[in-house]
$ cat protein06.txt   # compact mmCIF, C-alpha atoms
# COMPACT_ATOMS: atom_id res chain seq x y z
CA MET A 1 95.13 -72.19 -22.24
CA SER A 2 95.43 -75.93 -22.59
CA LYS A 3 92.99 -78.42 -21.15
CA LYS A 4 95.61 -79.74 -18.63
CA THR A 5 96.20 -76.27 -17.36
CA ARG A 6 92.47 -75.72 -16.88
CA LYS A 7 92.04 -78.95 -14.94
CA LYS A 8 94.92 -78.14 -12.62
CA SER A 9 93.64 -74.65 -11.96
CA SER A 10 90.09 -75.81 -11.37
CA LYS A 11 91.14 -78.31 -8.68
CA PRO A 12 91.04 -76.90 -5.13
CA SER A 13 94.28 -76.71 -3.26
CA PRO A 14 94.76 -79.61 -0.84
CA LYS A 15 95.65 -77.31 2.07
CA SER A 16 92.51 -75.21 2.03
CA PRO A 17 90.08 -77.90 3.33
CA LYS A 18 92.38 -78.82 6.23
CA THR A 19 92.75 -75.22 7.23
CA SER A 20 89.03 -74.59 7.09
CA ALA A 21 88.40 -77.77 9.10
CA ARG A 22 90.85 -76.83 11.81
CA LYS A 23 89.44 -73.40 12.38
CA PRO A 24 86.07 -74.50 13.75
CA SER A 25 87.72 -76.95 16.18
CA ALA A 26 90.03 -74.25 17.41
CA ALA A 27 87.13 -71.91 17.88
CA LYS A 28 85.20 -74.56 19.73
CA SER A 29 88.13 -75.40 22.02
CA ALA A 30 88.69 -71.71 22.64
CA SER A 31 85.03 -71.19 23.50
CA LYS A 32 85.06 -74.25 25.80
CA THR A 33 88.18 -73.03 27.55
CA ALA A 34 86.69 -69.62 27.94
CA SER A 35 83.45 -71.03 29.29
CA ARG A 36 85.27 -73.37 31.66
CA GLY A 37 87.48 -70.60 32.95
CA ALA A 38 84.60 -68.19 33.28
CA THR A 39 82.29 -70.53 35.20
CA PRO A 40 84.43 -71.08 38.35
CA SER A 41 85.46 -67.45 38.44
CA ALA A 42 81.82 -66.43 38.27
CA LYS A 43 80.73 -68.94 40.92
CA LYS A 44 83.42 -68.21 43.48
CA PRO A 45 82.69 -64.51 43.98
CA ALA A 46 78.95 -65.24 44.15
CA ALA A 47 79.48 -67.89 46.86
CA LYS A 48 81.74 -65.59 48.87
CA VAL A 49 79.27 -62.73 48.64
CA ALA A 50 76.42 -65.04 49.66
CA SER A 51 78.33 -66.42 52.65
CA LYS A 52 79.36 -62.94 53.78
CA ALA A 53 75.79 -61.75 53.48
CA ALA A 54 74.51 -64.82 55.33
CA LYS A 55 76.81 -64.35 58.35
CA PRO A 56 75.44 -60.95 59.47
CA ALA A 57 71.93 -62.21 58.85
CA ALA A 58 72.58 -65.28 61.02
CA ARG A 59 74.08 -63.11 63.76
CA ALA A 60 71.11 -60.76 63.63
CA ALA A 61 68.68 -63.69 63.82
CA LYS A 62 70.58 -65.20 66.77
CA THR A 63 70.63 -61.87 68.62
CA ALA A 64 66.95 -61.34 67.96
CA SER A 65 66.05 -64.82 69.22
CA ALA A 66 68.21 -64.37 72.33
CA LYS A 67 66.56 -61.04 73.10
CA ALA A 68 63.13 -62.49 72.49
CA SER A 69 63.84 -65.44 74.80
CA HIS A 70 65.25 -63.31 77.64
CA LYS A 71 62.87 -60.39 77.70
CA PRO A 72 59.65 -62.28 78.60
CA THR A 73 61.49 -64.30 81.28
CA SER A 74 62.84 -61.20 83.01
CA LYS A 75 59.38 -59.63 83.02
CA GLN A 76 57.87 -62.76 84.55
CA LEU A 77 60.55 -62.85 87.23
CA ILE A 78 59.93 -59.21 88.12
CA LYS A 79 56.19 -59.77 88.33
CA SER A 80 56.56 -62.90 90.46
CA ASN A 81 58.97 -61.13 92.82
CA LEU A 82 56.57 -58.22 93.26
CA SER A 83 53.48 -60.36 93.81
CA ALA A 84 55.04 -63.12 95.95
CA PRO A 85 58.39 -62.40 97.64
CA PRO A 86 60.54 -65.49 98.20
CA LYS A 87 59.87 -67.35 101.41
CA ALA A 88 62.71 -67.19 103.90
CA ALA A 89 64.43 -70.43 104.75
CA ALA A 90 63.71 -72.05 108.07
CA GLY A 91 65.53 -70.31 110.88
CA THR A 92 66.72 -67.24 108.95
CA GLY A 93 64.24 -65.01 110.82
CA MET A 94 65.44 -66.34 114.17
CA VAL A 95 67.94 -63.65 115.02
CA GLU A 96 68.59 -62.12 118.39
CA GLY A 97 66.51 -59.01 118.94
CA ALA A 98 63.69 -60.08 116.60
CA MET A 99 60.16 -60.53 117.92
CA ALA A 100 59.37 -64.13 118.84
CA PRO A 101 56.80 -65.82 116.56
CA GLY A 102 53.44 -66.38 118.19
CA PHE A 103 51.99 -69.84 118.77
CA ASN A 104 48.96 -71.58 120.24
CA LEU A 105 49.21 -75.36 120.49
CA PRO A 106 47.87 -78.25 122.60
CA ARG A 107 49.86 -79.53 125.56
CA ASP A 108 49.99 -82.60 127.74
CA GLY A 109 47.24 -82.81 130.34
CA GLY A 110 44.76 -80.97 128.10
CA GLY A 111 44.29 -77.36 127.13
CA SER A 112 46.60 -75.27 125.01
CA VAL A 113 49.59 -73.00 125.44
CA SER A 114 50.28 -69.70 123.68
CA LEU A 115 53.06 -67.13 123.68
CA ALA A 116 50.63 -64.58 125.14
CA ASP A 117 50.34 -66.73 128.29
CA TYR A 118 53.91 -65.72 129.18
CA ALA A 119 53.77 -62.01 128.41
CA GLY A 120 56.17 -60.07 130.63
CA LYS A 121 58.12 -63.21 131.56
CA LYS A 122 61.23 -64.89 130.26
CA LEU A 123 60.49 -68.09 128.36
CA VAL A 124 62.73 -71.02 127.46
CA LEU A 125 61.63 -73.22 124.54
CA PHE A 126 63.53 -76.45 124.00
CA PHE A 127 62.70 -78.34 120.80
CA TYR A 128 63.51 -82.06 120.88
CA PRO A 129 63.26 -84.68 118.10
CA ARG A 130 61.18 -87.39 119.76
CA ALA A 131 59.69 -88.18 123.12
CA ASP A 132 61.18 -90.96 125.24
CA THR A 133 64.36 -91.36 123.19
CA PRO A 134 67.68 -91.38 125.11
CA GLY A 135 68.93 -87.88 124.27
CA CYS A 136 65.53 -86.24 124.55
CA THR A 137 64.86 -87.97 127.87
CA ARG A 138 68.12 -86.70 129.37
CA GLU A 139 67.43 -83.18 128.16
CA ALA A 140 63.87 -83.12 129.54
CA ILE A 141 65.06 -84.51 132.89
CA ASP A 142 67.79 -81.84 133.11
CA PHE A 143 65.29 -79.01 132.51
CA THR A 144 62.96 -80.59 135.09
CA ARG A 145 65.81 -80.71 137.59
CA LEU A 146 66.45 -76.97 137.10
CA ASN A 147 62.82 -75.93 136.74
CA ASP A 148 62.67 -74.25 140.15
CA ALA A 149 65.91 -72.38 139.44
CA PHE A 150 64.41 -71.05 136.20
CA ALA A 151 61.26 -70.00 138.06
CA ASP A 152 63.40 -68.08 140.59
CA GLU A 153 64.78 -66.07 137.65
CA GLY A 154 61.26 -65.30 136.42
CA ALA A 155 61.52 -67.77 133.52
CA ALA A 156 59.21 -70.58 132.39
CA VAL A 157 60.30 -73.65 130.43
CA LEU A 158 58.38 -75.45 127.66
CA GLY A 159 59.32 -78.56 125.70
CA ILE A 160 58.15 -78.94 122.09
CA SER A 161 58.15 -81.86 119.63
CA ALA A 162 55.98 -83.24 116.84
CA ASP A 163 54.71 -86.09 119.04
CA THR A 164 51.01 -86.48 119.73
CA VAL A 165 49.51 -85.19 122.98
CA LYS A 166 49.09 -88.78 124.14
CA ALA A 167 52.78 -89.53 123.53
CA GLN A 168 53.75 -86.37 125.42
CA GLU A 169 51.59 -87.39 128.38
CA SER A 170 53.18 -90.86 128.47
CA PHE A 171 56.65 -89.28 128.28
CA ARG A 172 55.89 -86.91 131.14
CA SER A 173 54.37 -89.59 133.39
CA LYS A 174 57.13 -92.12 132.76
CA HIS A 175 59.96 -89.75 133.72
CA GLN A 176 58.01 -87.52 136.14
CA LEU A 177 58.71 -84.39 134.14
CA SER A 178 57.58 -81.06 135.59
CA VAL A 179 57.86 -78.94 132.43
CA PRO A 180 54.83 -78.64 130.12
CA LEU A 181 55.21 -80.50 126.81
CA ILE A 182 53.68 -79.04 123.63
CA SER A 183 52.49 -81.11 120.67
CA ASP A 184 53.23 -79.58 117.24
CA GLU A 185 52.18 -82.33 114.83
CA GLN A 186 51.82 -79.91 111.88
CA HIS A 187 55.32 -78.44 112.43
CA GLU A 188 53.93 -74.89 112.53
CA MET A 189 55.88 -73.75 115.57
CA LEU A 190 58.88 -75.92 114.69
CA GLU A 191 59.24 -74.19 111.31
CA ALA A 192 58.59 -70.73 112.72
CA TYR A 193 61.41 -71.17 115.22
CA GLY A 194 63.83 -72.79 112.74
CA ALA A 195 63.73 -76.17 114.49
CA TRP A 196 62.53 -78.09 111.42
CA GLY A 197 64.94 -78.77 108.58
CA GLU A 198 67.13 -81.20 106.70
CA LYS A 199 69.09 -83.70 108.74
CA SER A 200 71.58 -86.42 107.93
CA MET A 201 72.05 -89.80 109.59
CA TYR A 202 73.94 -92.88 108.40
CA GLY A 203 74.43 -91.28 104.98
CA ARG A 204 70.71 -90.57 104.54
CA ASN A 205 69.19 -87.08 104.31
CA PHE A 206 65.70 -86.44 105.64
CA MET A 207 63.51 -83.70 107.12
CA GLY A 208 63.17 -83.67 110.88
CA ILE A 209 63.42 -81.73 114.13
CA ILE A 210 66.76 -80.05 114.75
CA ARG A 211 67.50 -79.95 118.46
CA THR A 212 67.17 -76.24 119.22
CA THR A 213 66.64 -74.02 122.27
CA VAL A 214 65.35 -70.46 122.21
CA LEU A 215 65.39 -67.94 125.06
CA ILE A 216 62.71 -65.24 124.80
CA GLY A 217 63.12 -62.13 126.93
CA ALA A 218 60.41 -60.47 129.02
CA ASP A 219 59.95 -57.98 126.18
CA GLY A 220 58.89 -60.75 123.79
CA ARG A 221 62.10 -60.57 121.77
CA ILE A 222 64.54 -63.39 121.11
CA ALA A 223 67.45 -63.10 123.51
CA LYS A 224 69.48 -66.16 122.46
CA VAL A 225 69.29 -69.19 120.16
CA TRP A 226 71.11 -72.52 120.48
CA ARG A 227 71.18 -74.76 117.41
CA ASN A 228 72.23 -78.39 117.03
CA VAL A 229 72.25 -78.68 120.80
CA ARG A 230 74.44 -81.17 122.62
CA VAL A 231 72.43 -82.43 125.57
CA ASP A 232 75.12 -82.81 128.23
CA GLY A 233 75.33 -79.63 130.32
CA HIS A 234 72.96 -77.74 128.02
CA ALA A 235 70.22 -76.98 130.59
CA ASP A 236 72.82 -75.48 132.95
CA GLU A 237 74.16 -73.32 130.08
CA VAL A 238 70.66 -72.01 129.35
CA LEU A 239 70.08 -71.21 133.03
CA ALA A 240 73.31 -69.22 133.09
CA ALA A 241 72.10 -67.24 130.04
CA VAL A 242 68.77 -66.53 131.76
CA ARG A 243 70.54 -65.21 134.82
CA ALA A 244 72.76 -63.00 132.65
CA SER A 245 69.87 -61.57 130.62

$ encode --input "protein06.txt" --output "structure tokens"
Amino acid sequence: MSKKTRKKSSKPSPKSPKTSARKPSAAKSASKTASRGATPSAKKPAAKVASKAAKPAARAAKTASAKASHKPTSKQLIKSNLSAPPKAAAGTGMVEGAMAPGFNLPRDGGGSVSLADYAGKKLVLFFYPRADTPGCTREAIDFTRLNDAFADEGAAVLGISADTVKAQESFRSKHQLSVPLISDEQHEMLEAYGAWGEKSMYGRNFMGIIRTTVLIGADGRIAKVWRNVRVDGHADEVLAAVRAS
């Protein structure tokens, strides 16, 4: 073999380096593509599984917290209802046929008056907002005018307000009233007979005496109740009820 032939055969072919250089880049790009494609596909199912697993857990936690918050409250309510029953609103116990609430309060002229003083007799109680005001004065005068007629029917009449005993005495003397006037400054009797409650005047709400009349029978039971009384003709209406009872 000649020297030229040896040199040509010993030289590497020009294509072989390019081919060997391309192969690693192709492998790298293929591995990158594979890794890129594999990463999202691997992440997506994991996220879905995690979110699906989290939802039941969140629901279970919410249900558990709701149960935990409601159970103690219900037990407390049951205990409070058993130990202290809710107080009835003013006037709800004042129904016809119920026993009249007892009382013992000071009156004008000294001394005191109680329900027991009128046992076996009919008793008319008229509750008025304030002594010596126009409506209350007319009402007290009307009951005074008919006082003898009530007595003929075996009934007594008492007037009640939250005024002091001194104010009641001045009211009685000024208008020559013949019916005893009771002073209930602590609103004990007023509340027991449903004559104390929320009122409204000139757009303002406040607590005060609701003009009320109660007829108690000779048996000590409530025969009739008048609420939010209108003064004109009221005393005559009560007398008619006494006669009919």

$ residues_around --input "protein06.txt" --residues "region 123-128 of chain A" --least-positions-apart "4" --cutoff "7 Å" --atoms "all atoms listed in the file" --output "list in words"
Cys136, Ala155, Ala156, Val157, Leu158, Gly159, Ile160, Ser161, Ala195, Ile209, Arg211, Thr212, Thr213, Val214, Leu215, Ile216 and Gly217 of chain A

$ atom_distance --input "protein06.txt" --atom1 "CA of Val165 (chain A)" --atom2 "CA of Glu185 (chain A)"
9.0 Å

$ atom_distance --input "protein06.txt" --atom1 "CA of Met94 (chain A)" --atom2 "CA of Ser245 (chain A)"
17.7 Å

$ residues_near_point --input "protein06.txt" --point "(55.8, -83.9, 129.9)" --cutoff "8 Å" --atoms "all atoms listed in the file" --output "number ranges by chain"
A: 108, 159, 168-173, 176-181

$ atom_distance --input "protein06.txt" --atom1 "CA of Arg227 (chain A)" --atom2 "CA of Gly120 (chain A)"
24.8 Å

$ closest_residue --input "protein06.txt" --among "A:Val95, A:Ala223, A:Ala167, A:Ile182" --to "Thr133 (chain A)" --atoms "all atoms listed in the file"
A:Ala167
